[in-house]
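Asks: The file below is my_file-v3.tsv, TSV, N, CA and C atoms:
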```tsv
chain	number	residue	atom	x	y	z
S	1	MET	N	42.99	-19.32	-38.45
S	1	MET	CA	42.02	-20.36	-38.20
S	1	MET	C	42.14	-20.82	-36.74
S	2	LEU	N	41.00	-20.93	-36.08
S	2	LEU	CA	40.99	-21.34	-34.68
S	2	LEU	C	41.20	-22.83	-34.56
S	3	ASP	N	41.98	-23.23	-33.57
S	3	ASP	CA	42.12	-24.66	-33.34
S	3	ASP	C	40.89	-25.19	-32.61
S	4	VAL	N	40.77	-26.48	-32.53
S	4	VAL	CA	39.58	-27.13	-31.96
S	4	VAL	C	39.38	-26.71	-30.51
S	5	GLN	N	40.45	-26.65	-29.73
S	5	GLN	CA	40.33	-26.30	-28.32
S	5	GLN	C	39.83	-24.86	-28.16
S	6	THR	N	40.31	-23.94	-28.96
S	6	THR	CA	39.88	-22.55	-28.89
S	6	THR	C	38.42	-22.41	-29.28
S	7	ARG	N	38.00	-23.14	-30.32
S	7	ARG	CA	36.60	-23.09	-30.73
S	7	ARG	C	35.69	-23.67	-29.65
S	8	ALA	N	36.12	-24.75	-29.01
S	8	ALA	CA	35.32	-25.34	-27.93
S	8	ALA	C	35.20	-24.37	-26.77
S	9	ALA	N	36.28	-23.70	-26.45
S	9	ALA	CA	36.25	-22.71	-25.36
S	9	ALA	C	35.33	-21.54	-25.71
S	10	ALA	N	35.33	-21.12	-26.96
S	10	ALA	CA	34.47	-20.03	-27.39
S	10	ALA	C	33.00	-20.42	-27.30
S	11	LYS	N	32.68	-21.68	-27.61
S	11	LYS	CA	31.29	-22.15	-27.51
S	11	LYS	C	30.80	-22.13	-26.07
S	12	VAL	N	31.66	-22.51	-25.15
S	12	VAL	CA	31.27	-22.55	-23.75
S	12	VAL	C	31.06	-21.13	-23.23
S	13	GLY	N	31.89	-20.19	-23.64
S	13	GLY	CA	31.72	-18.78	-23.33
S	13	GLY	C	31.66	-18.47	-21.85
S	14	LEU	N	30.60	-17.77	-21.45
S	14	LEU	CA	30.47	-17.27	-20.09
S	14	LEU	C	30.37	-18.39	-19.07
S	15	ARG	N	29.79	-19.51	-19.43
S	15	ARG	CA	29.67	-20.60	-18.47
S	15	ARG	C	31.04	-21.04	-17.96
S	16	ALA	N	32.01	-21.11	-18.85
S	16	ALA	CA	33.36	-21.51	-18.42
S	16	ALA	C	33.97	-20.44	-17.53
S	17	GLY	N	33.77	-19.18	-17.87
S	17	GLY	CA	34.28	-18.10	-17.04
S	17	GLY	C	33.68	-18.13	-15.65
S	18	ARG	N	32.37	-18.35	-15.57
S	18	ARG	CA	31.69	-18.42	-14.28
S	18	ARG	C	32.22	-19.60	-13.49
S	19	ALA	N	32.36	-20.76	-14.13
S	19	ALA	CA	32.86	-21.95	-13.45
S	19	ALA	C	34.27	-21.73	-12.94
S	20	ASN	N	35.12	-21.10	-13.74
S	20	ASN	CA	36.49	-20.85	-13.31
S	20	ASN	C	36.55	-19.88	-12.14
S	21	LEU	N	35.72	-18.85	-12.15
S	21	LEU	CA	35.69	-17.88	-11.06
S	21	LEU	C	35.21	-18.54	-9.78
S	22	LEU	N	34.18	-19.35	-9.87
S	22	LEU	CA	33.67	-20.04	-8.69
S	22	LEU	C	34.64	-21.11	-8.20
S	23	ARG	N	35.29	-21.79	-9.13
S	23	ARG	CA	36.30	-22.78	-8.74
S	23	ARG	C	37.44	-22.09	-7.99
S	24	CYS	N	37.81	-20.92	-8.45
S	24	CYS	CA	38.86	-20.15	-7.78
S	24	CYS	C	38.43	-19.76	-6.36
S	25	LEU	N	37.20	-19.27	-6.21
S	25	LEU	CA	36.70	-18.91	-4.88
S	25	LEU	C	36.66	-20.13	-3.96
S	26	ARG	N	36.12	-21.23	-4.45
S	26	ARG	CA	36.06	-22.45	-3.62
S	26	ARG	C	37.46	-22.92	-3.22
S	27	GLY	N	38.39	-22.85	-4.15
S	27	GLY	CA	39.77	-23.26	-3.86
S	27	GLY	C	40.40	-22.38	-2.79
S	28	ARG	N	40.24	-21.08	-2.95
S	28	ARG	CA	40.80	-20.16	-1.94
S	28	ARG	C	40.12	-20.33	-0.60
S	29	ALA	N	38.80	-20.56	-0.61
S	29	ALA	CA	38.07	-20.73	0.66
S	29	ALA	C	38.53	-21.98	1.40
S	30	SER	N	38.96	-23.01	0.67
S	30	SER	CA	39.42	-24.23	1.34
S	30	SER	C	40.91	-24.15	1.68
S	31	GLU	N	41.71	-23.50	0.82
S	31	GLU	CA	43.15	-23.44	1.05
S	31	GLU	C	43.57	-22.33	2.00
S	32	ARG	N	42.90	-21.18	1.89
S	32	ARG	CA	43.27	-20.00	2.69
S	32	ARG	C	42.01	-19.32	3.22
S	33	PRO	N	41.22	-20.00	4.04
S	33	PRO	CA	39.91	-19.48	4.45
S	33	PRO	C	39.96	-18.17	5.20
S	34	ASP	N	41.03	-17.91	5.94
S	34	ASP	CA	41.08	-16.70	6.77
S	34	ASP	C	41.77	-15.52	6.10
S	35	ASP	N	42.25	-15.69	4.88
S	35	ASP	CA	42.85	-14.58	4.15
S	35	ASP	C	41.77	-13.65	3.63
S	36	ALA	N	42.08	-12.38	3.57
S	36	ALA	CA	41.12	-11.39	3.07
S	36	ALA	C	40.94	-11.56	1.56
S	37	ALA	N	39.70	-11.74	1.16
S	37	ALA	CA	39.38	-11.82	-0.26
S	37	ALA	C	39.15	-10.42	-0.82
S	38	PHE	N	38.43	-9.59	-0.05
S	38	PHE	CA	38.15	-8.22	-0.44
S	38	PHE	C	38.20	-7.33	0.78
S	39	VAL	N	38.67	-6.11	0.58
S	39	VAL	CA	38.72	-5.12	1.65
S	39	VAL	C	38.00	-3.88	1.16
S	40	CYS	N	37.13	-3.35	2.01
S	40	CYS	CA	36.39	-2.15	1.67
S	40	CYS	C	36.91	-1.02	2.56
S	41	SER	N	37.42	0.02	1.94
S	41	SER	CA	37.97	1.15	2.68
S	41	SER	C	37.12	2.39	2.47
S	42	THR	N	37.12	3.24	3.46
S	42	THR	CA	36.46	4.55	3.36
S	42	THR	C	37.51	5.61	3.69
S	43	ASP	N	37.07	6.84	3.75
S	43	ASP	CA	37.99	7.92	4.12
S	43	ASP	C	38.47	7.77	5.56
S	44	ASP	N	37.69	7.10	6.38
S	44	ASP	CA	38.03	6.87	7.78
S	44	ASP	C	38.69	5.50	7.91
S	45	PRO	N	39.99	5.44	8.20
S	45	PRO	CA	40.69	4.14	8.29
S	45	PRO	C	40.08	3.20	9.33
S	46	SER	N	39.42	3.72	10.33
S	46	SER	CA	38.82	2.84	11.34
S	46	SER	C	37.58	2.13	10.82
S	47	GLN	N	37.05	2.57	9.68
S	47	GLN	CA	35.86	1.96	9.08
S	47	GLN	C	36.19	0.89	8.04
S	48	ARG	N	37.45	0.52	7.94
S	48	ARG	CA	37.90	-0.49	6.98
S	48	ARG	C	37.31	-1.85	7.36
S	49	THR	N	36.68	-2.52	6.41
S	49	THR	CA	36.12	-3.85	6.66
S	49	THR	C	36.67	-4.82	5.62
S	50	ALA	N	36.73	-6.07	6.01
S	50	ALA	CA	37.27	-7.10	5.12
S	50	ALA	C	36.33	-8.29	5.11
S	51	LEU	N	36.42	-9.04	4.04
S	51	LEU	CA	35.65	-10.25	3.86
S	51	LEU	C	36.64	-11.35	3.52
S	52	THR	N	36.71	-12.38	4.35
S	52	THR	CA	37.64	-13.48	4.07
S	52	THR	C	37.06	-14.38	2.99
S	53	TYR	N	37.91	-15.24	2.45
S	53	TYR	CA	37.44	-16.17	1.43
S	53	TYR	C	36.34	-17.07	1.98
S	54	ALA	N	36.51	-17.55	3.22
S	54	ALA	CA	35.51	-18.43	3.81
S	54	ALA	C	34.19	-17.69	4.01
S	55	GLN	N	34.26	-16.45	4.50
S	55	GLN	CA	33.04	-15.66	4.70
S	55	GLN	C	32.34	-15.39	3.38
S	56	LEU	N	33.11	-15.02	2.37
S	56	LEU	CA	32.53	-14.75	1.06
S	56	LEU	C	31.87	-16.00	0.49
S	57	ASP	N	32.54	-17.13	0.59
S	57	ASP	CA	31.98	-18.37	0.08
S	57	ASP	C	30.68	-18.72	0.81
S	58	ARG	N	30.67	-18.60	2.13
S	58	ARG	CA	29.45	-18.89	2.92
S	58	ARG	C	28.30	-17.96	2.55
S	59	ARG	N	28.58	-16.67	2.49
S	59	ARG	CA	27.52	-15.70	2.15
S	59	ARG	C	26.99	-15.93	0.74
S	60	ALA	N	27.90	-16.15	-0.19
S	60	ALA	CA	27.50	-16.37	-1.58
S	60	ALA	C	26.64	-17.63	-1.71
S	61	ARG	N	27.01	-18.69	-1.01
S	61	ARG	CA	26.23	-19.92	-1.07
S	61	ARG	C	24.86	-19.74	-0.44
S	62	ALA	N	24.76	-18.94	0.62
S	62	ALA	CA	23.46	-18.68	1.25
S	62	ALA	C	22.56	-17.90	0.30
S	63	ILE	N	23.12	-16.91	-0.37
S	63	ILE	CA	22.34	-16.14	-1.35
S	63	ILE	C	21.92	-17.05	-2.51
S	64	ALA	N	22.83	-17.90	-2.95
S	64	ALA	CA	22.53	-18.83	-4.04
S	64	ALA	C	21.40	-19.77	-3.66
S	65	ALA	N	21.40	-20.24	-2.42
S	65	ALA	CA	20.34	-21.14	-1.98
S	65	ALA	C	18.98	-20.45	-2.04
S	66	CYS	N	18.94	-19.19	-1.63
S	66	CYS	CA	17.68	-18.43	-1.70
S	66	CYS	C	17.23	-18.26	-3.15
S	67	LEU	N	18.15	-17.93	-4.03
S	67	LEU	CA	17.81	-17.76	-5.44
S	67	LEU	C	17.33	-19.07	-6.05
S	68	GLN	N	17.98	-20.16	-5.69
S	68	GLN	CA	17.57	-21.47	-6.21
S	68	GLN	C	16.21	-21.88	-5.65
S	69	ASP	N	15.94	-21.53	-4.39
S	69	ASP	CA	14.62	-21.82	-3.81
S	69	ASP	C	13.51	-21.08	-4.56
S	70	MET	N	13.85	-19.92	-5.12
S	70	MET	CA	12.88	-19.15	-5.90
S	70	MET	C	12.86	-19.59	-7.36
S	71	ASP	N	13.60	-20.67	-7.68
S	71	ASP	CA	13.65	-21.24	-9.03
S	71	ASP	C	14.11	-20.22	-10.06
S	72	LEU	N	15.20	-19.50	-9.75
S	72	LEU	CA	15.68	-18.44	-10.63
S	72	LEU	C	16.92	-18.82	-11.43
S	73	ALA	N	17.36	-20.06	-11.36
S	73	ALA	CA	18.53	-20.48	-12.12
S	73	ALA	C	18.33	-20.17	-13.60
S	74	GLY	N	19.34	-19.58	-14.22
S	74	GLY	CA	19.28	-19.23	-15.62
S	74	GLY	C	18.62	-17.88	-15.90
S	75	GLN	N	18.08	-17.25	-14.88
S	75	GLN	CA	17.41	-15.96	-15.07
S	75	GLN	C	18.32	-14.81	-14.64
S	76	ARG	N	17.96	-13.62	-15.04
S	76	ARG	CA	18.69	-12.43	-14.65
S	76	ARG	C	18.23	-11.98	-13.27
S	77	VAL	N	19.18	-11.46	-12.50
S	77	VAL	CA	18.89	-10.95	-11.16
S	77	VAL	C	19.56	-9.59	-11.03
S	78	MET	N	18.76	-8.58	-10.71
S	78	MET	CA	19.29	-7.23	-10.53
S	78	MET	C	20.03	-7.18	-9.19
S	79	LEU	N	21.18	-6.53	-9.18
S	79	LEU	CA	21.95	-6.32	-7.95
S	79	LEU	C	22.02	-4.82	-7.70
S	80	ALA	N	21.15	-4.33	-6.82
S	80	ALA	CA	21.07	-2.89	-6.52
S	80	ALA	C	21.64	-2.66	-5.13
S	81	TYR	N	22.94	-2.59	-5.06
S	81	TYR	CA	23.64	-2.46	-3.79
S	81	TYR	C	24.44	-1.17	-3.76
S	82	PRO	N	24.63	-0.64	-2.55
S	82	PRO	CA	25.62	0.44	-2.43
S	82	PRO	C	27.01	-0.18	-2.59
S	83	PRO	N	28.01	0.64	-2.89
S	83	PRO	CA	29.36	0.08	-3.00
S	83	PRO	C	29.75	-0.61	-1.70
S	84	GLY	N	30.33	-1.80	-1.83
S	84	GLY	CA	30.78	-2.50	-0.64
S	84	GLY	C	30.78	-4.00	-0.79
S	85	LEU	N	31.00	-4.65	0.33
S	85	LEU	CA	31.18	-6.10	0.36
S	85	LEU	C	29.89	-6.87	0.13
S	86	GLU	N	28.74	-6.27	0.45
S	86	GLU	CA	27.47	-6.96	0.22
S	86	GLU	C	27.25	-7.22	-1.27
S	87	PHE	N	27.64	-6.25	-2.09
S	87	PHE	CA	27.51	-6.42	-3.54
S	87	PHE	C	28.32	-7.62	-4.01
S	88	ILE	N	29.54	-7.73	-3.51
S	88	ILE	CA	30.43	-8.81	-3.94
S	88	ILE	C	29.84	-10.17	-3.58
S	89	ALA	N	29.31	-10.29	-2.37
S	89	ALA	CA	28.69	-11.56	-1.96
S	89	ALA	C	27.48	-11.88	-2.83
S	90	ALA	N	26.68	-10.87	-3.15
S	90	ALA	CA	25.50	-11.10	-4.00
S	90	ALA	C	25.92	-11.49	-5.42
S	91	PHE	N	26.96	-10.87	-5.93
S	91	PHE	CA	27.45	-11.20	-7.27
S	91	PHE	C	27.86	-12.68	-7.33
S	92	PHE	N	28.67	-13.10	-6.37
S	92	PHE	CA	29.08	-14.51	-6.35
S	92	PHE	C	27.90	-15.42	-6.08
S	93	GLY	N	26.96	-14.98	-5.25
S	93	GLY	CA	25.77	-15.77	-4.99
S	93	GLY	C	24.95	-16.01	-6.25
S	94	ALA	N	24.82	-14.97	-7.07
S	94	ALA	CA	24.10	-15.11	-8.33
S	94	ALA	C	24.82	-16.11	-9.24
S	95	LEU	N	26.13	-16.04	-9.28
S	95	LEU	CA	26.89	-16.99	-10.10
S	95	LEU	C	26.71	-18.42	-9.58
S	96	TYR	N	26.80	-18.60	-8.27
S	96	TYR	CA	26.60	-19.94	-7.70
S	96	TYR	C	25.22	-20.48	-8.04
S	97	ALA	N	24.21	-19.62	-8.07
S	97	ALA	CA	22.84	-20.07	-8.34
S	97	ALA	C	22.59	-20.31	-9.82
S	98	GLY	N	23.56	-19.95	-10.67
S	98	GLY	CA	23.37	-20.11	-12.10
S	98	GLY	C	22.58	-18.97	-12.71
S	99	CYS	N	22.54	-17.85	-12.02
S	99	CYS	CA	21.82	-16.66	-12.51
S	99	CYS	C	22.78	-15.74	-13.25
S	100	VAL	N	22.21	-14.80	-13.98
S	100	VAL	CA	22.98	-13.77	-14.64
S	100	VAL	C	22.87	-12.51	-13.77
S	101	ALA	N	23.98	-12.06	-13.22
S	101	ALA	CA	23.98	-10.88	-12.37
S	101	ALA	C	23.90	-9.63	-13.23
S	102	VAL	N	22.97	-8.73	-12.87
S	102	VAL	CA	22.82	-7.46	-13.57
S	102	VAL	C	23.08	-6.35	-12.55
S	103	PRO	N	24.33	-5.90	-12.44
S	103	PRO	CA	24.63	-4.83	-11.49
S	103	PRO	C	23.99	-3.52	-11.94
S	104	THR	N	23.45	-2.79	-10.98
S	104	THR	CA	22.83	-1.51	-11.28
S	104	THR	C	23.00	-0.57	-10.11
S	105	TYR	N	22.67	0.67	-10.32
S	105	TYR	CA	22.74	1.68	-9.28
S	105	TYR	C	21.57	1.49	-8.32
S	106	LEU	N	21.69	2.07	-7.15
S	106	LEU	CA	20.57	2.06	-6.20
S	106	LEU	C	19.51	3.03	-6.69
S	107	PRO	N	18.27	2.60	-6.76
S	107	PRO	CA	17.23	3.53	-7.20
S	107	PRO	C	16.94	4.56	-6.11
S	108	ARG	N	16.68	5.76	-6.53
S	108	ARG	CA	16.26	6.84	-5.65
S	108	ARG	C	14.83	7.18	-6.04
S	109	HIS	N	14.18	7.94	-5.23
S	109	HIS	CA	12.78	8.29	-5.51
S	109	HIS	C	12.64	8.91	-6.90
S	110	ARG	N	13.53	9.82	-7.23
S	110	ARG	CA	13.41	10.50	-8.53
S	110	ARG	C	13.89	9.65	-9.71
S	111	THR	N	14.61	8.56	-9.45
S	111	THR	CA	15.10	7.70	-10.54
S	111	THR	C	14.42	6.34	-10.55
S	112	LEU	N	13.34	6.20	-9.80
S	112	LEU	CA	12.66	4.91	-9.72
S	112	LEU	C	12.12	4.46	-11.08
S	113	ASP	N	11.61	5.40	-11.89
S	113	ASP	CA	11.12	5.04	-13.22
S	113	ASP	C	12.24	4.47	-14.09
S	114	LEU	N	13.43	5.07	-14.00
S	114	LEU	CA	14.57	4.57	-14.77
S	114	LEU	C	14.97	3.17	-14.30
S	115	PHE	N	14.95	2.97	-13.00
S	115	PHE	CA	15.29	1.67	-12.45
S	115	PHE	C	14.30	0.60	-12.93
S	116	GLU	N	13.01	0.93	-12.89
S	116	GLU	CA	11.98	-0.01	-13.34
S	116	GLU	C	12.12	-0.31	-14.83
S	117	ALA	N	12.49	0.70	-15.62
S	117	ALA	CA	12.71	0.48	-17.05
S	117	ALA	C	13.91	-0.44	-17.27
S	118	LEU	N	14.96	-0.22	-16.51
S	118	LEU	CA	16.15	-1.07	-16.61
S	118	LEU	C	15.81	-2.51	-16.23
S	119	ALA	N	15.04	-2.67	-15.16
S	119	ALA	CA	14.63	-4.02	-14.74
S	119	ALA	C	13.77	-4.67	-15.83
S	120	GLY	N	12.90	-3.90	-16.43
S	120	GLY	CA	12.07	-4.45	-17.51
S	120	GLY	C	12.90	-4.85	-18.71
S	121	ASP	N	13.85	-4.00	-19.09
S	121	ASP	CA	14.72	-4.32	-20.22
S	121	ASP	C	15.57	-5.56	-19.94
S	122	ALA	N	16.02	-5.68	-18.70
S	122	ALA	CA	16.85	-6.82	-18.34
S	122	ALA	C	16.02	-8.10	-18.21
S	123	GLY	N	14.73	-7.95	-18.00
S	123	GLY	CA	13.88	-9.12	-17.81
S	123	GLY	C	14.15	-9.81	-16.48
S	124	ALA	N	14.56	-9.02	-15.51
S	124	ALA	CA	14.89	-9.57	-14.19
S	124	ALA	C	13.65	-9.66	-13.33
S	125	PRO	N	13.29	-10.85	-12.87
S	125	PRO	CA	12.11	-11.00	-12.04
S	125	PRO	C	12.32	-10.54	-10.60
S	126	VAL	N	13.58	-10.35	-10.20
S	126	VAL	CA	13.87	-9.99	-8.81
S	126	VAL	C	15.11	-9.08	-8.76
S	127	ALA	N	15.10	-8.23	-7.74
S	127	ALA	CA	16.26	-7.38	-7.47
S	127	ALA	C	16.71	-7.65	-6.04
S	128	LEU	N	18.00	-7.75	-5.85
S	128	LEU	CA	18.56	-7.95	-4.52
S	128	LEU	C	19.21	-6.65	-4.05
S	129	SER	N	19.15	-6.41	-2.74
S	129	SER	CA	19.77	-5.24	-2.15
S	129	SER	C	19.90	-5.46	-0.65
S	130	THR	N	20.40	-4.46	0.05
S	130	THR	CA	20.50	-4.54	1.50
S	130	THR	C	19.19	-4.05	2.11
S	131	ALA	N	18.94	-4.44	3.34
S	131	ALA	CA	17.73	-4.00	4.04
S	131	ALA	C	17.73	-2.48	4.19
S	132	ALA	N	18.88	-1.90	4.48
S	132	ALA	CA	18.97	-0.45	4.63
S	132	ALA	C	18.65	0.27	3.32
S	133	ALA	N	19.12	-0.25	2.22
S	133	ALA	CA	18.86	0.38	0.92
S	133	ALA	C	17.39	0.27	0.54
S	134	ILE	N	16.77	-0.85	0.88
S	134	ILE	CA	15.35	-1.03	0.56
S	134	ILE	C	14.50	-0.08	1.37
S	135	ALA	N	14.87	0.11	2.66
S	135	ALA	CA	14.11	1.02	3.53
S	135	ALA	C	14.22	2.43	2.99
```
Show me this structure written as structure tokens.
Replies:
Amino acid sequence: MLDVQTRAAAKVGLRAGRANLLRCLRGRASERPDDAAFVCSTDDPSQRTALTYAQLDRRARAIAACLQDMDLAGQRVMLAYPPGLEFIAAFFGALYAGCVAVPTYLPRHRTLDLFEALAGDAGAPVALSTAAAIA
């Protein structure tokens, strides 16, 4: 039998997880702003890039502001990014905005129908990506 606290936590579900993840990011951004939150490596060591907690928090909040300006809180948002730090910022931005992040692959010309079907199934009114990926 579940105790009262466990049942209350189960009712809150994803909202509590989202709040805890964002609380963690905000805490790290204020306590250790210059520490690397994520590092993206490639086969070429000179191409290694990092995103600090402060940078991640700033980028995520900027994305969240745009999503909130579009009145998308509570809605699903497709995240069609190549692997990398931009995806991470968009994911946290969606959480900050109160959206449900739907990570997906980048659509290609031959898979555009599949991407559109996925977007329709998800009920996502918008998809986010990088300018290079959209071009």
Asks: When you draw a straight line from CA of Ala50 in chain S to atom C of Val126 in chain S, how long is it in Å?
Replies: 26.2 Å
Asks: Set the distance at 6.5 Å and use all atoms listed in the file: which residues neighbour Leu128 in chain S once local chain neighbours fewer than 2 positions away are removed? I'd like the list as JSON, numbers by chain.
Replies: {"S": [77, 78, 79, 80, 81, 126, 130]}
Asks: Which parts of chain S does DSSP call helix (DSSP H, G or I) when run on the backbone here, written out as number ranges by chain?
Replies: S: 4-12, 14-31, 45-47, 53-69, 85-97, 109-122, 131-134
Asks: Calculate how many Å separate CA of Phe92 in chain S from CA of Arg28 in chain S, rounding to one decimal.
Replies: 13.7 Å
Asks: Go through S:Leu95, S:Val102, S:Ala37, S:Pro82 one by one, measure the shortest atom-to-atom distance of each to Ala122 in chain S using only N, CA and C atoms, and give the residue with the smallest value.
Replies: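 That would be S:Val102, the residue with the smallest distance to Ala122 in chain S.
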Asks: What lies within 12 Å of Ala65 in chain S using only C-alpha atoms, ignoring chain neighbours under 6 positions off, as a list of chain:residue names?
Replies: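 Neighbouring residues, sequence-local ones excluded: S:Arg58, S:Arg59, S:Asp71, S:Leu72, S:Ala73, S:Ala90, S:Phe92, S:Gly93, S:Ala94, S:Leu95, S:Tyr96, S:Ala97, S:Gly98, S:Cys99.
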Asks: How far is it from CA of Cys40 in chain S to CA of Cys66 in chain S, in Å with one decimal?
Replies: 25.0 Å
Asks: Could you give me, as a PDB file with N, CA and C atoms, in the frame of the given file, the residues within 6.5 Å of Tyr53 in chain S, counting all atoms listed in the file and dropping anything in the same chain fewer than 2 positions from it?
Replies:
```pdb
ATOM      1  N   ARG S  28      40.240 -21.080  -2.950  1.00  0.00           N
ATOM      2  CA  ARG S  28      40.800 -20.160  -1.940  1.00  0.00           C
ATOM      3  C   ARG S  28      40.120 -20.330  -0.600  1.00  0.00           C
ATOM      4  N   ALA S  29      38.800 -20.560  -0.610  1.00  0.00           N
ATOM      5  CA  ALA S  29      38.070 -20.730   0.660  1.00  0.00           C
ATOM      6  C   ALA S  29      38.530 -21.980   1.400  1.00  0.00           C
ATOM      7  N   ARG S  32      42.900 -21.180   1.890  1.00  0.00           N
ATOM      8  CA  ARG S  32      43.270 -20.000   2.690  1.00  0.00           C
ATOM      9  C   ARG S  32      42.010 -19.320   3.220  1.00  0.00           C
ATOM     10  N   PRO S  33      41.220 -20.000   4.040  1.00  0.00           N
ATOM     11  CA  PRO S  33      39.910 -19.480   4.450  1.00  0.00           C
ATOM     12  C   PRO S  33      39.960 -18.170   5.200  1.00  0.00           C
ATOM     13  N   ASP S  34      41.030 -17.910   5.940  1.00  0.00           N
ATOM     14  CA  ASP S  34      41.080 -16.700   6.770  1.00  0.00           C
ATOM     15  C   ASP S  34      41.770 -15.520   6.100  1.00  0.00           C
ATOM     16  N   ASP S  35      42.250 -15.690   4.880  1.00  0.00           N
ATOM     17  CA  ASP S  35      42.850 -14.580   4.150  1.00  0.00           C
ATOM     18  C   ASP S  35      41.770 -13.650   3.630  1.00  0.00           C
ATOM     19  N   ALA S  36      42.080 -12.380   3.570  1.00  0.00           N
ATOM     20  CA  ALA S  36      41.120 -11.390   3.070  1.00  0.00           C
ATOM     21  C   ALA S  36      40.940 -11.560   1.560  1.00  0.00           C
ATOM     22  N   ALA S  37      39.700 -11.740   1.160  1.00  0.00           N
ATOM     23  CA  ALA S  37      39.380 -11.820  -0.260  1.00  0.00           C
ATOM     24  C   ALA S  37      39.150 -10.420  -0.820  1.00  0.00           C
ATOM     25  N   PHE S  38      38.430  -9.590  -0.050  1.00  0.00           N
ATOM     26  CA  PHE S  38      38.150  -8.220  -0.440  1.00  0.00           C
ATOM     27  C   PHE S  38      38.200  -7.330   0.780  1.00  0.00           C
ATOM     28  N   LEU S  51      36.420  -9.040   4.040  1.00  0.00           N
ATOM     29  CA  LEU S  51      35.650 -10.250   3.860  1.00  0.00           C
ATOM     30  C   LEU S  51      36.640 -11.350   3.520  1.00  0.00           C
ATOM     31  N   GLN S  55      34.260 -16.450   4.500  1.00  0.00           N
ATOM     32  CA  GLN S  55      33.040 -15.660   4.700  1.00  0.00           C
ATOM     33  C   GLN S  55      32.340 -15.390   3.380  1.00  0.00           C
ATOM     34  N   LEU S  56      33.110 -15.020   2.370  1.00  0.00           N
ATOM     35  CA  LEU S  56      32.530 -14.750   1.060  1.00  0.00           C
ATOM     36  C   LEU S  56      31.870 -16.000   0.490  1.00  0.00           C
ATOM     37  N   ASP S  57      32.540 -17.130   0.590  1.00  0.00           N
ATOM     38  CA  ASP S  57      31.980 -18.370   0.080  1.00  0.00           C
ATOM     39  C   ASP S  57      30.680 -18.720   0.810  1.00  0.00           C
ATOM     40  N   ARG S  58      30.670 -18.600   2.130  1.00  0.00           N
ATOM     41  CA  ARG S  58      29.450 -18.890   2.920  1.00  0.00           C
ATOM     42  C   ARG S  58      28.300 -17.960   2.550  1.00  0.00           C
TER      43      ARG S  58
END
```
Asks: Could you pull out all residues of chain S with a DSSP call of strand (DSSP E or B) and give them as a list in words?
Replies: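 Of chain S, only Ala36, Ala37, Phe38, Val39, Cys40, Thr49, Ala50, Leu51, Thr52, Arg76, Val77, Met78, Leu79, Ala80, Val100, Ala101, Val102, Pro103, Thr104, Val126, Ala127 and Leu128 of chain S fall in strand (DSSP E or B).
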Asks: For each of S:Asp121, S:Glu116, S:Arg76, S:Leu85, take the minimum atom-to-atom distance to Val100 in chain S, counting only C-alpha atoms, then give the residue where this is smallest.
Replies: S:Arg76
Asks: Can you work out which one of S:Thr42, S:Ser30, S:Ser129, S:Cys24 has the shortest atom-to-atom distance to Glu86 in chain S, counting only N, CA and C atoms?
Replies: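 Answer, going by the shortest atom-to-atom distance: S:Ser129.
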Asks: Which residue out of S:Gly84, S:Gly74, S:Leu25, S:Ala62 has the minimum interatomic distance to Ser41 in chain S when only N, CA and C atoms are used?
Replies: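 Residue with the minimum atom-to-atom distance to Ser41 in chain S: S:Gly84.
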